[in-house]
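Peer 1: Following this line is protein04.txt, made up of compact mmCIF, C-alpha atoms:
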```txt
# COMPACT_ATOMS: atom_id res chain seq x y z
CA MET A 18 39.53 -21.51 -13.25
CA GLU A 19 36.20 -21.36 -15.03
CA ASP A 20 33.42 -18.99 -13.99
CA THR A 21 31.16 -21.90 -13.05
CA ASP A 22 33.83 -23.36 -10.78
CA GLN A 23 34.44 -20.02 -9.10
CA GLU A 24 30.73 -19.41 -8.61
CA ASP A 25 30.22 -22.90 -7.19
CA LEU A 26 33.15 -22.52 -4.81
CA LEU A 27 31.70 -19.25 -3.52
CA ALA A 28 28.26 -20.77 -2.95
CA PHE A 29 29.85 -23.80 -1.30
CA GLU A 30 31.89 -21.54 0.98
CA ARG A 31 28.93 -19.39 2.00
CA ARG A 32 26.82 -22.35 3.03
CA LEU A 33 29.71 -24.01 4.85
CA ALA A 34 30.39 -20.77 6.72
CA GLU A 35 26.74 -20.58 7.76
CA VAL A 36 26.88 -24.10 9.18
CA VAL A 37 30.22 -23.70 10.96
CA ASN A 38 29.52 -20.27 12.44
CA THR A 39 26.16 -21.39 13.79
CA GLU A 40 27.98 -24.13 15.68
CA LYS A 41 30.46 -21.59 17.03
CA ARG A 42 27.66 -19.40 18.33
CA SER A 43 26.38 -22.45 20.13
CA SER A 44 29.76 -22.89 21.82
CA LEU A 45 29.72 -19.26 22.94
CA ARG A 46 26.26 -19.76 24.38
CA TRP A 47 27.51 -22.69 26.41
CA ARG A 48 30.29 -20.55 27.84
CA PHE A 49 27.76 -18.00 29.04
CA VAL A 50 25.71 -20.76 30.63
CA LEU A 51 28.81 -22.07 32.36
CA GLY A 52 29.73 -18.60 33.63
CA ALA A 53 26.22 -18.06 34.97
CA ILE A 54 26.25 -21.39 36.78
CA PHE A 55 29.63 -20.62 38.31
CA ALA A 56 28.44 -17.20 39.49
CA CYS A 57 25.35 -18.73 41.09
CA SER A 58 27.50 -21.35 42.80
CA ALA A 59 29.87 -18.70 44.15
CA ILE A 60 27.05 -16.53 45.49
CA SER A 61 25.27 -19.47 47.11
CA ALA A 62 28.58 -20.59 48.64
CA CYS A 63 29.02 -17.15 50.24
CA HIS A 64 25.50 -17.31 51.66
CA TRP A 65 26.18 -20.80 52.96
CA VAL A 66 29.40 -19.71 54.67
CA ARG A 67 27.62 -16.79 56.33
CA ASP A 68 24.77 -18.97 57.60
CA ALA A 69 27.19 -21.64 58.79
CA LYS A 70 29.30 -19.08 60.64
CA GLU A 71 26.30 -17.63 62.46
CA SER A 72 24.81 -20.96 63.45
CA GLU A 73 28.13 -22.39 64.66
CA SER A 74 27.57 -25.53 62.63
CA VAL A 75 29.86 -28.50 62.95
CA VAL A 76 30.74 -28.50 59.24
CA PHE A 77 31.99 -24.94 59.34
CA GLN A 78 34.05 -25.61 62.46
CA ILE A 79 35.67 -28.60 60.77
CA LEU A 80 36.44 -26.62 57.63
CA SER A 81 37.87 -23.67 59.54
CA SER A 82 40.07 -25.87 61.69
CA GLN A 83 41.42 -27.78 58.71
CA SER A 84 42.42 -24.78 56.61
CA ALA A 85 44.71 -26.81 54.35
CA PHE A 86 41.88 -29.16 53.37
CA ALA A 87 39.51 -26.25 52.77
CA PHE A 88 42.03 -24.57 50.50
CA SER A 89 42.68 -27.78 48.60
CA LEU A 90 38.96 -28.25 48.08
CA ALA A 91 38.67 -24.72 46.71
CA THR A 92 41.65 -25.34 44.43
CA ILE A 93 40.09 -28.51 43.06
CA CYS A 94 36.86 -26.66 42.34
CA LEU A 95 38.79 -23.96 40.50
CA LEU A 96 40.64 -26.56 38.46
CA ILE A 97 37.40 -28.28 37.52
CA PHE A 98 35.99 -24.95 36.42
CA TYR A 99 39.15 -24.29 34.40
CA GLY A 100 38.87 -27.68 32.72
CA PHE A 101 35.27 -27.09 31.68
CA ASN A 102 36.15 -23.63 30.44
CA HIS A 103 39.04 -25.07 28.46
CA ALA A 104 36.76 -27.70 26.96
CA THR A 105 34.22 -25.12 25.82
CA LYS A 106 36.96 -22.94 24.35
CA GLN A 107 38.15 -25.70 22.07
CA ASP A 108 37.36 -25.50 18.39
CA PRO A 109 33.94 -27.00 17.76
CA SER A 110 34.13 -30.55 16.51
CA ILE A 111 32.18 -29.62 13.39
CA LEU A 112 35.15 -27.50 12.29
CA ARG A 113 37.65 -30.34 12.68
CA ASP A 114 35.30 -32.81 11.02
CA THR A 115 34.73 -30.48 8.09
CA GLN A 116 38.46 -29.89 7.65
CA GLU A 117 38.96 -33.64 7.56
CA MET A 118 36.22 -34.03 4.96
CA LEU A 119 37.66 -31.26 2.78
CA SER A 120 41.27 -32.47 2.75
CA PRO A 121 40.86 -35.03 -0.09
CA PHE A 122 39.60 -32.19 -2.32
CA ARG A 123 42.57 -29.88 -1.68
CA LEU A 124 40.40 -27.55 0.37
CA ASN A 125 40.65 -26.25 3.91
CA ILE A 126 38.57 -23.97 6.10
CA ASP A 127 39.62 -21.43 8.72
CA ASN A 128 37.92 -20.56 12.01
CA GLN A 129 35.66 -18.03 10.29
CA GLY A 130 34.44 -20.59 7.76
CA ARG A 131 36.40 -19.11 4.87
CA LEU A 132 37.49 -21.58 2.22
CA ILE A 133 41.20 -22.05 1.49
CA LEU A 134 42.19 -23.46 -1.90
CA LEU A 135 45.29 -25.63 -1.72
CA PRO A 136 47.40 -25.91 -4.87
CA ARG A 137 47.78 -29.17 -6.74
CA GLN A 138 50.94 -30.97 -5.74
CA THR A 139 53.35 -31.61 -8.59
CA GLU A 140 54.37 -35.27 -8.52
CA MET B 6 58.84 -14.52 77.25
CA VAL B 7 58.91 -17.44 74.79
CA SER B 8 62.55 -18.19 75.40
CA GLN B 9 61.94 -18.45 79.12
CA LEU B 10 59.29 -21.14 78.76
CA PRO B 11 61.58 -24.23 78.77
CA ALA B 12 63.58 -22.96 81.75
CA GLN B 13 60.48 -22.46 83.87
CA SER B 14 58.71 -25.66 82.87
CA ALA B 15 58.79 -26.93 86.47
CA ASP B 16 56.73 -23.97 87.63
CA LEU B 17 54.25 -24.01 84.73
CA ASP B 18 51.18 -24.08 86.98
CA LYS B 19 52.19 -20.86 88.71
CA LEU B 20 52.60 -19.01 85.38
CA ALA B 21 49.14 -19.67 83.94
CA PRO B 22 48.83 -16.29 82.15
CA SER B 23 52.20 -16.81 80.48
CA GLY B 24 51.09 -20.29 79.46
CA GLN B 25 48.11 -18.89 77.57
CA PHE B 26 50.35 -16.51 75.69
CA ALA B 27 52.68 -19.36 74.78
CA VAL B 28 49.75 -21.29 73.31
CA ALA B 29 48.82 -18.28 71.19
CA VAL B 30 52.39 -18.07 69.90
CA VAL B 31 52.37 -21.73 68.94
CA SER B 32 49.12 -21.21 67.04
CA ASN B 33 50.67 -18.34 65.12
CA LEU B 34 53.63 -20.48 64.14
CA GLN B 35 51.38 -23.27 63.01
CA ARG B 36 49.32 -20.91 60.89
CA SER B 37 52.43 -19.44 59.32
CA ARG B 38 53.76 -22.85 58.41
CA SER B 39 50.42 -23.78 56.90
CA SER B 40 50.53 -20.59 54.83
CA SER B 41 53.95 -21.53 53.46
CA ASP B 42 52.68 -24.98 52.59
CA ARG B 43 49.75 -23.46 50.76
CA ARG B 44 52.00 -21.26 48.64
CA GLY B 45 54.14 -24.24 47.72
CA LEU B 46 51.10 -26.27 46.82
CA VAL B 47 49.81 -23.52 44.55
CA LEU B 48 53.14 -23.25 42.76
CA ILE B 49 53.32 -26.99 42.26
CA LEU B 50 49.80 -27.23 40.89
CA LEU B 51 50.04 -24.27 38.55
CA SER B 52 53.53 -24.59 37.09
CA SER B 53 54.51 -28.24 37.08
CA ASP B 54 53.66 -31.05 34.67
CA LEU B 55 51.20 -32.29 37.25
CA GLY B 56 49.12 -29.17 36.77
CA THR B 57 49.20 -29.56 33.01
CA TYR B 58 48.24 -33.20 33.32
CA ILE B 59 45.35 -32.35 35.64
CA ARG B 60 44.11 -29.65 33.27
CA ARG B 61 44.18 -32.02 30.31
CA LEU B 62 42.49 -34.73 32.34
CA LEU B 63 39.69 -32.41 33.40
CA ALA B 64 39.27 -31.12 29.85
CA ARG B 65 38.97 -34.68 28.62
CA VAL B 66 36.47 -35.51 31.35
CA ALA B 67 34.43 -32.45 30.42
CA GLU B 68 34.51 -33.35 26.74
CA LYS B 69 33.45 -36.91 27.56
CA ALA B 70 30.60 -35.59 29.69
CA CYS B 71 29.50 -33.32 26.85
CA THR B 72 29.59 -36.26 24.45
CA ILE B 73 27.49 -38.41 26.76
CA LEU B 74 25.05 -35.57 27.30
CA ARG B 75 24.86 -34.98 23.56
CA THR B 76 24.20 -38.64 22.89
CA TYR B 77 21.62 -38.79 25.66
CA LEU B 78 19.76 -35.79 24.29
CA GLY B 79 20.04 -37.12 20.75
CA LEU B 80 21.81 -33.99 19.53
CA SER B 81 24.48 -34.73 16.99
CA TYR B 82 23.77 -32.53 13.99
CA ARG B 83 21.37 -29.62 14.02
CA GLU B 84 20.11 -28.40 10.68
CA VAL B 85 21.02 -24.79 9.95
CA SER B 86 18.29 -22.72 8.36
CA VAL B 87 19.01 -21.47 4.86
CA SER B 88 19.31 -17.72 4.38
CA GLN B 89 17.19 -16.01 1.74
CA ASP B 90 19.83 -15.52 -0.92
CA MET B 91 21.07 -19.07 -0.46
CA ALA B 92 17.51 -20.33 -0.79
CA HIS B 93 17.28 -18.45 -4.07
CA ARG B 94 20.57 -20.02 -5.18
CA LEU B 95 19.21 -23.44 -4.26
CA ALA B 96 16.11 -22.89 -6.38
CA VAL B 97 18.30 -21.95 -9.35
CA VAL B 98 20.69 -24.90 -9.21
CA GLY B 99 17.99 -27.50 -8.58
CA ARG B 100 17.92 -30.75 -6.65
CA LYS B 101 20.71 -33.28 -7.05
CA THR B 102 21.02 -37.05 -6.81
CA LEU B 103 23.01 -38.82 -4.10
CA VAL B 104 24.10 -42.38 -4.89
CA LEU B 105 24.89 -44.50 -1.85
CA ASP B 106 26.75 -47.77 -1.67
CA LEU B 107 25.39 -50.37 0.71
CA ASP B 108 27.89 -52.90 2.05
CA GLU B 109 30.71 -51.46 4.18
CA THR B 110 29.34 -47.98 3.59
CA LEU B 111 25.91 -47.99 5.22
CA VAL B 112 25.89 -51.50 6.70
CA HIS B 113 28.17 -54.45 7.30
CA SER B 114 26.97 -58.02 6.97
CA CYS B 115 28.32 -61.35 8.16
CA TYR B 116 27.17 -64.75 6.95
CA LEU B 117 28.14 -68.43 6.78
CA ASP B 118 29.14 -69.59 3.31
CA PRO B 119 27.22 -72.83 2.63
CA ASP B 120 29.85 -74.14 0.19
CA THR B 121 33.03 -73.60 2.18
CA HIS B 122 31.39 -73.40 5.64
CA ASP B 123 33.48 -70.31 6.34
CA ASN B 124 32.24 -67.21 8.09
CA VAL B 125 32.43 -64.34 5.62
CA GLY B 126 32.89 -60.85 7.02
CA CYS B 127 32.91 -62.04 10.63
CA SER B 128 36.62 -61.97 11.44
CA GLN B 129 36.53 -58.54 13.06
CA LEU B 130 33.28 -58.99 14.97
CA PRO B 131 33.50 -59.39 18.75
CA GLU B 132 31.60 -62.20 20.42
CA HIS B 133 29.04 -59.91 21.97
CA ALA B 134 28.15 -58.09 18.73
CA GLN B 135 24.39 -57.87 18.31
CA PRO B 136 23.17 -57.52 14.72
CA ASP B 137 20.54 -54.93 13.85
CA TYR B 138 18.89 -57.29 11.39
CA VAL B 139 18.96 -61.04 10.88
CA LEU B 140 17.93 -62.03 7.36
CA ASN B 141 17.27 -65.44 5.85
CA ILE B 142 18.16 -65.20 2.18
CA SER B 143 17.37 -68.02 -0.24
CA ILE B 144 19.45 -67.77 -3.42
CA ASP B 145 18.36 -69.77 -6.48
CA GLY B 146 16.23 -72.12 -4.43
CA MET B 147 19.11 -73.23 -2.22
CA GLU B 148 18.93 -73.61 1.54
CA PRO B 149 18.48 -70.20 3.21
CA ILE B 150 21.63 -68.38 4.32
CA VAL B 151 21.54 -66.40 7.56
CA PHE B 152 22.90 -62.86 7.20
CA ARG B 153 23.69 -60.82 10.29
CA VAL B 154 23.53 -57.16 9.30
CA PHE B 155 25.06 -54.33 11.35
CA LYS B 156 24.07 -50.74 10.64
CA ARG B 157 26.75 -48.08 10.55
CA PRO B 158 26.30 -45.76 13.55
CA HIS B 159 24.07 -42.74 12.84
CA VAL B 160 22.89 -44.17 9.52
CA ASP B 161 19.22 -43.51 10.29
CA GLU B 162 19.90 -39.89 11.14
CA PHE B 163 22.12 -39.56 8.08
CA LEU B 164 19.37 -40.84 5.79
CA ASP B 165 16.85 -38.50 7.42
CA PHE B 166 19.00 -35.47 6.63
CA VAL B 167 20.23 -36.36 3.16
CA SER B 168 16.76 -37.40 2.01
CA LYS B 169 15.66 -33.81 2.63
CA TRP B 170 18.58 -32.48 0.58
CA TYR B 171 18.97 -35.00 -2.26
CA ASP B 172 17.16 -37.64 -4.25
CA LEU B 173 18.53 -40.88 -2.83
CA VAL B 174 19.63 -43.87 -4.89
CA ILE B 175 21.11 -47.13 -3.62
CA TYR B 176 23.69 -48.62 -5.96
CA THR B 177 25.26 -51.82 -4.68
CA ALA B 178 27.31 -54.64 -6.14
CA SER B 179 25.39 -57.12 -4.00
CA LEU B 180 22.71 -59.46 -5.27
CA GLU B 181 19.23 -58.02 -5.48
CA VAL B 182 17.65 -60.75 -3.36
CA TYR B 183 19.88 -59.75 -0.42
CA ALA B 184 20.22 -56.00 -0.97
CA ALA B 185 16.50 -55.39 -1.44
CA GLN B 186 15.72 -56.71 2.03
CA VAL B 187 18.53 -54.72 3.65
CA VAL B 188 17.43 -51.50 1.98
CA ASP B 189 13.83 -52.15 3.00
CA HIS B 190 14.95 -52.39 6.62
CA LEU B 191 17.06 -49.24 6.32
CA ASP B 192 14.15 -47.38 4.77
CA ALA B 193 11.88 -48.59 7.59
CA GLY B 194 8.76 -47.62 5.70
CA ARG B 195 9.80 -43.99 5.29
CA GLY B 196 9.89 -44.15 1.51
CA LEU B 197 13.28 -42.46 1.34
CA ILE B 198 14.96 -44.90 -1.05
CA THR B 199 12.84 -45.75 -4.06
CA ARG B 200 15.48 -46.07 -6.77
CA ARG B 201 17.80 -49.03 -6.44
CA PHE B 202 20.51 -50.57 -8.58
CA TYR B 203 22.02 -53.96 -7.90
CA ARG B 204 24.72 -56.27 -9.19
CA GLN B 205 23.04 -56.78 -12.54
CA HIS B 206 23.32 -53.05 -13.19
CA CYS B 207 27.07 -52.95 -12.57
CA ARG B 208 29.72 -53.09 -15.24
CA ALA B 209 31.35 -56.49 -14.99
CA SER B 210 35.08 -56.48 -15.59
CA SER B 211 37.77 -58.53 -13.90
CA PRO B 212 38.73 -58.37 -11.13
CA MET B 213 36.09 -56.03 -9.66
CA VAL B 214 32.78 -54.56 -10.72
CA SER B 215 32.27 -50.84 -11.22
CA LYS B 216 29.14 -48.72 -11.23
CA ASP B 217 27.68 -46.89 -14.18
CA LEU B 218 26.31 -43.57 -12.93
CA THR B 219 24.79 -42.76 -16.32
CA LEU B 220 22.08 -45.28 -15.45
CA VAL B 221 21.08 -43.09 -12.50
CA THR B 222 20.86 -39.86 -14.48
CA PRO B 223 22.42 -38.72 -17.77
CA ASP B 224 23.29 -35.33 -16.26
CA MET B 225 26.65 -35.78 -14.55
CA SER B 226 26.65 -32.28 -13.05
CA GLY B 227 24.03 -33.21 -10.46
CA VAL B 228 25.00 -36.71 -9.34
CA LEU B 229 27.46 -37.76 -6.64
CA ILE B 230 28.35 -41.17 -5.24
CA ILE B 231 29.55 -42.16 -1.77
CA ASP B 232 31.42 -45.45 -1.80
CA ASN B 233 34.15 -47.07 0.27
CA SER B 234 35.69 -48.76 -2.77
CA PRO B 235 37.55 -46.43 -5.16
CA TYR B 236 37.29 -49.02 -7.92
CA ALA B 237 33.50 -48.77 -7.91
CA TYR B 238 33.60 -45.20 -9.20
CA ARG B 239 36.80 -45.36 -11.22
CA ASP B 240 34.91 -44.30 -14.35
CA PHE B 241 33.46 -41.24 -12.59
CA PRO B 242 36.26 -39.86 -10.40
CA ASP B 243 34.88 -36.31 -10.49
CA ASN B 244 31.56 -37.36 -8.98
CA ALA B 245 32.84 -39.37 -6.00
CA ILE B 246 33.18 -38.77 -2.28
CA PRO B 247 35.39 -41.34 -0.55
CA ILE B 248 34.38 -42.82 2.78
CA LYS B 249 36.18 -45.19 5.11
CA THR B 250 35.24 -48.84 5.08
CA PHE B 251 32.86 -49.77 7.88
CA ILE B 252 33.30 -53.14 9.60
CA TYR B 253 31.58 -53.07 12.99
CA ASP B 254 32.83 -49.96 14.78
CA PRO B 255 30.30 -48.67 17.34
CA ASP B 256 32.24 -45.40 17.64
CA ASP B 257 32.21 -44.67 13.90
CA THR B 258 31.17 -41.09 13.09
CA GLU B 259 32.00 -40.89 9.38
CA LEU B 260 28.40 -40.34 8.32
CA LEU B 261 27.97 -37.43 10.73
CA LYS B 262 31.23 -35.85 9.58
CA MET B 263 29.93 -35.87 6.03
CA LEU B 264 26.72 -33.96 6.72
CA PRO B 265 28.09 -30.36 6.62
CA PHE B 266 29.94 -31.17 3.40
CA LEU B 267 26.84 -32.63 1.76
CA ASP B 268 24.76 -29.72 3.04
CA ALA B 269 27.03 -27.20 1.32
CA LEU B 270 27.48 -29.24 -1.85
CA ARG B 271 23.83 -28.94 -2.89
CA PHE B 272 24.33 -25.21 -3.54
CA THR B 273 26.70 -25.85 -6.44
CA LYS B 274 25.65 -25.76 -10.05
CA ASP B 275 28.04 -28.57 -10.93
CA VAL B 276 29.25 -30.90 -8.20
CA ARG B 277 32.41 -31.54 -10.19
CA SER B 278 33.58 -28.01 -9.34
CA ILE B 279 34.25 -29.30 -5.84
CA LEU B 280 34.59 -33.05 -6.27
CA GLY B 281 36.82 -32.70 -9.33
CA ARG B 282 39.52 -31.23 -7.09
CA ARG B 283 40.08 -34.59 -5.42
CA VAL B 284 43.63 -35.90 -5.41
CA ILE B 285 43.42 -39.21 -7.28
CA ARG B 286 46.20 -41.64 -6.48
CA HIS B 287 47.11 -44.48 -8.80
CA TYR B 288 45.86 -47.80 -7.47
CA TYR B 289 47.75 -51.08 -7.52
CA ASN B 290 44.87 -52.74 -9.32
CA ARG B 291 45.48 -50.52 -12.31
CA SER B 292 49.16 -51.39 -12.25
CA THR B 293 48.31 -55.05 -12.10
CA ILE B 294 46.05 -54.73 -15.12
CA SER B 295 48.78 -52.85 -16.98
CA SER B 296 51.29 -55.57 -16.20
CA HIS B 297 48.99 -58.14 -17.75
CA HIS B 298 49.07 -56.31 -21.09
```
Spit out the file's structure as C-alpha cells when you get a sec.

Peer 2:
Amino acid sequence: MEDTDQEDLLAFERRLAEVVNTEKRSSLRWRFVLGAIFACSAISACHWVRDAKESESVVFQILSSQSAFAFSLATICLLIFYGFNHATKQDPSILRDTQEMLSPFRLNIDNQGRLILLPRQTE
Amino acid sequence: MVSQLPAQSADLDKLAPSGQFAVAVVSNLQRSRSSSDRRGLVLILLSSDLGTYIRRLLARVAEKACTILRTYLGLSYREVSVSQDMAHRLAVVGRKTLVLDLDETLVHSCYLDPDTHDNVGCSQLPEHAQPDYVLNISIDGMEPIVFRVFKRPHVDEFLDFVSKWYDLVIYTASLEVYAAQVVDHLDAGRGLITRRFYRQHCRASSPMVSKDLTLVTPDMSGVLIIDNSPYAYRDFPDNAIPIKTFIYDPDDTELLKMLPFLDALRFTKDVRSILGRRVIRHYYNRSTISSHH
C-alpha cells in the first residue's frame, strides 16, 4: 500500500470515528434522560400512594382490593421501561448505515469507529 | 376450629365470633392463592417466548416513537464539528468536487410519451402519489410534455450538507431543456448548483451513454461521482460511489446514509485511496458487447 493511501485511510478513519462517536454520546445522553424520568415517575408514584392511602380515596381502595390487577399494571410499566431501555441500548443507526455504505469498498467499522480493511477476494 | 365449621352450620348465628375468624381464614387462603398466581405470571412473562415477543414489540414501538419524534423535530443528521488537527488536514488537502446524477438518483420523473402515448416511469407509482414539481417541457417546438417530478426523500437536506463540503456539479444524461428546470427547482434559489452538464456532454456509445469526468475537472484525485447507473461511470471506476435507484419510495434514506461517508471522504488527499477499493463486478452489458465482436 502506498504512503498516500495509508495517510488517506487514517484521515478518513479519524473523521469517521469523530462522527460515529458523537452519535454514541448522544445515545448515552438519552439513556440518562430516560433514567431520570423513570426515577421522577417512581418518586411521584410513592408520593401519590401515600396521599391516596391517607385520604382513603376510591382509586386506592380499588387498587388494593384488586391486587392481581395492580401487580399486572406494575409489570406492564416495567416491561415498557425495559423496552425503551433496550431501544436506547441498540447500536446507533449511524453505525449500521455507515457499515452498509463502506461494504462496497471492502471496509468495515467497529463500535469504536476504527476502520477494518477487508482483503480482496480472489475470484 | 375451621374443620368444625361445616358441622355447626345450622347454629351459625350462635357462633358469631367463630364466624369472624372463619372469614379471616378464607381471606388468608385467597391471598395465598393470589400470591401463587402472581409467581406463575412472573415466570411466564420473563422466561417464555411471550416475554421475548413482548420485549421485541416494545423495543420496536420505542424505536418507531423515536423515529417519529426525530422526524417531527427535523433531526436526521447533525453536523459534527471538526477538530483542530482535522481542520488543518482539510486545509492541506483542499476542497473537492462532487458530481451528482439527476434522474433516479436525486429525483424520479414520470411523463406521457406523445409518440407512443405510453406513461414512461409511472409503472411503480401509486395512484395517490403527489409530485413535488409539475413541469411543462416543450422539446423542439413540439406540443408541451407534462413531467411529474418526485424528489428523493431528504434531498434538500442532503444538498444543504454536501454544498458546505464540496463543490457541486450536476451531470445528467437527460436533455438540457428538461434537466435545467429540474435542477433550478432543486436549487430553489440557493445557488448551490452552478455547474451543470447535460446529454450533449456525455460520451455517446451504444447502447448507453457514459459521463466524462475530465470535463468537470482535469484533476481526478479530487472528483467523485454519485450515480445509480454503473455504466455511467464505467470509465472512472475509482471515482464512483454507487447508490440505489430511486423510483418513488417515501421511506428511502439512501441520501442520509451517505452523509457520514461523504463527510469523512473530504479529508483524503486522493479520493481514489478509498473509492479505488470498490469491488467491481463484471456487467452483462460488457459481455454483450464482447459477444458482438

Peer 1: When you count all atoms listed in the file, which of these residues is closest to chain B: A:His64, A:Leu33, A:Arg131, A:Leu27?

Peer 2: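 For chain B, the nearest of the candidates is A:Leu33.
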
Peer 1: For CA of Glu30 in chain A and CA of Val104 in chain B, quote the distance in Å rounded to one decimal.

Peer 2: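 Between these atoms lies a distance of 23.0 Å.
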
Peer 1: Rounded to one decimal place, report the CA of Phe202 in chain B-CA of Ile175 in chain B distance in Å.

Peer 2: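 Atom-to-atom, CA of Phe202 in chain B to CA of Ile175 in chain B, that is 6.1 Å.
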
Peer 1: How many Å separate CA of Thr21 in chain A from CA of Ala269 in chain B?

Peer 2: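 Going from CA of Thr21 in chain A over to CA of Ala269 in chain B covers 15.9 Å.
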
Peer 1: Kindly provide the residues of chain B that approach chain A to within 7 Å, each paired with its closest atom pair and their distance in Å to one decimal, based on all atoms listed in the file, listed by chain and increasing number, as JSON lines.

Peer 2:
```
{"residue": "B:Ser39", "atom": "CA", "partner": "A:Ala85", "partner_atom": "CA", "distance": 6.9}
{"residue": "B:Arg60", "atom": "CA", "partner": "A:Gly100", "partner_atom": "CA", "distance": 5.6}
{"residue": "B:Leu63", "atom": "CA", "partner": "A:Gly100", "partner_atom": "CA", "distance": 4.8}
{"residue": "B:Ala64", "atom": "CA", "partner": "A:Gly100", "partner_atom": "CA", "distance": 4.5}
{"residue": "B:Ala67", "atom": "CA", "partner": "A:Phe101", "partner_atom": "CA", "distance": 5.6}
{"residue": "B:Glu68", "atom": "CA", "partner": "A:Ala104", "partner_atom": "CA", "distance": 6.1}
{"residue": "B:Val85", "atom": "CA", "partner": "A:Val36", "partner_atom": "CA", "distance": 6.0}
{"residue": "B:Lys262", "atom": "CA", "partner": "A:Asp114", "partner_atom": "CA", "distance": 5.3}
{"residue": "B:Met263", "atom": "CA", "partner": "A:Met118", "partner_atom": "CA", "distance": 6.6}
{"residue": "B:Pro265", "atom": "CA", "partner": "A:Leu33", "partner_atom": "CA", "distance": 6.8}
{"residue": "B:Phe266", "atom": "CA", "partner": "A:Thr115", "partner_atom": "CA", "distance": 6.7}
{"residue": "B:Ala269", "atom": "CA", "partner": "A:Phe29", "partner_atom": "CA", "distance": 5.1}
{"residue": "B:Leu270", "atom": "CA", "partner": "A:Phe29", "partner_atom": "CA", "distance": 6.0}
{"residue": "B:Phe272", "atom": "CA", "partner": "A:Ala28", "partner_atom": "CA", "distance": 6.0}
{"residue": "B:Thr273", "atom": "CA", "partner": "A:Asp25", "partner_atom": "CA", "distance": 4.7}
{"residue": "B:Lys274", "atom": "CA", "partner": "A:Asp25", "partner_atom": "CA", "distance": 6.1}
{"residue": "B:Ser278", "atom": "CA", "partner": "A:Asp22", "partner_atom": "CA", "distance": 4.9}
{"residue": "B:Ile279", "atom": "CA", "partner": "A:Leu26", "partner_atom": "CA", "distance": 6.9}
{"residue": "B:Leu280", "atom": "CA", "partner": "A:Phe122", "partner_atom": "CA", "distance": 6.4}
{"residue": "B:Arg282", "atom": "CA", "partner": "A:Phe122", "partner_atom": "CA", "distance": 4.9}
{"residue": "B:Arg283", "atom": "CA", "partner": "A:Phe122", "partner_atom": "CA", "distance": 3.9}
{"residue": "B:Val284", "atom": "CA", "partner": "A:Pro121", "partner_atom": "CA", "distance": 6.1}
```
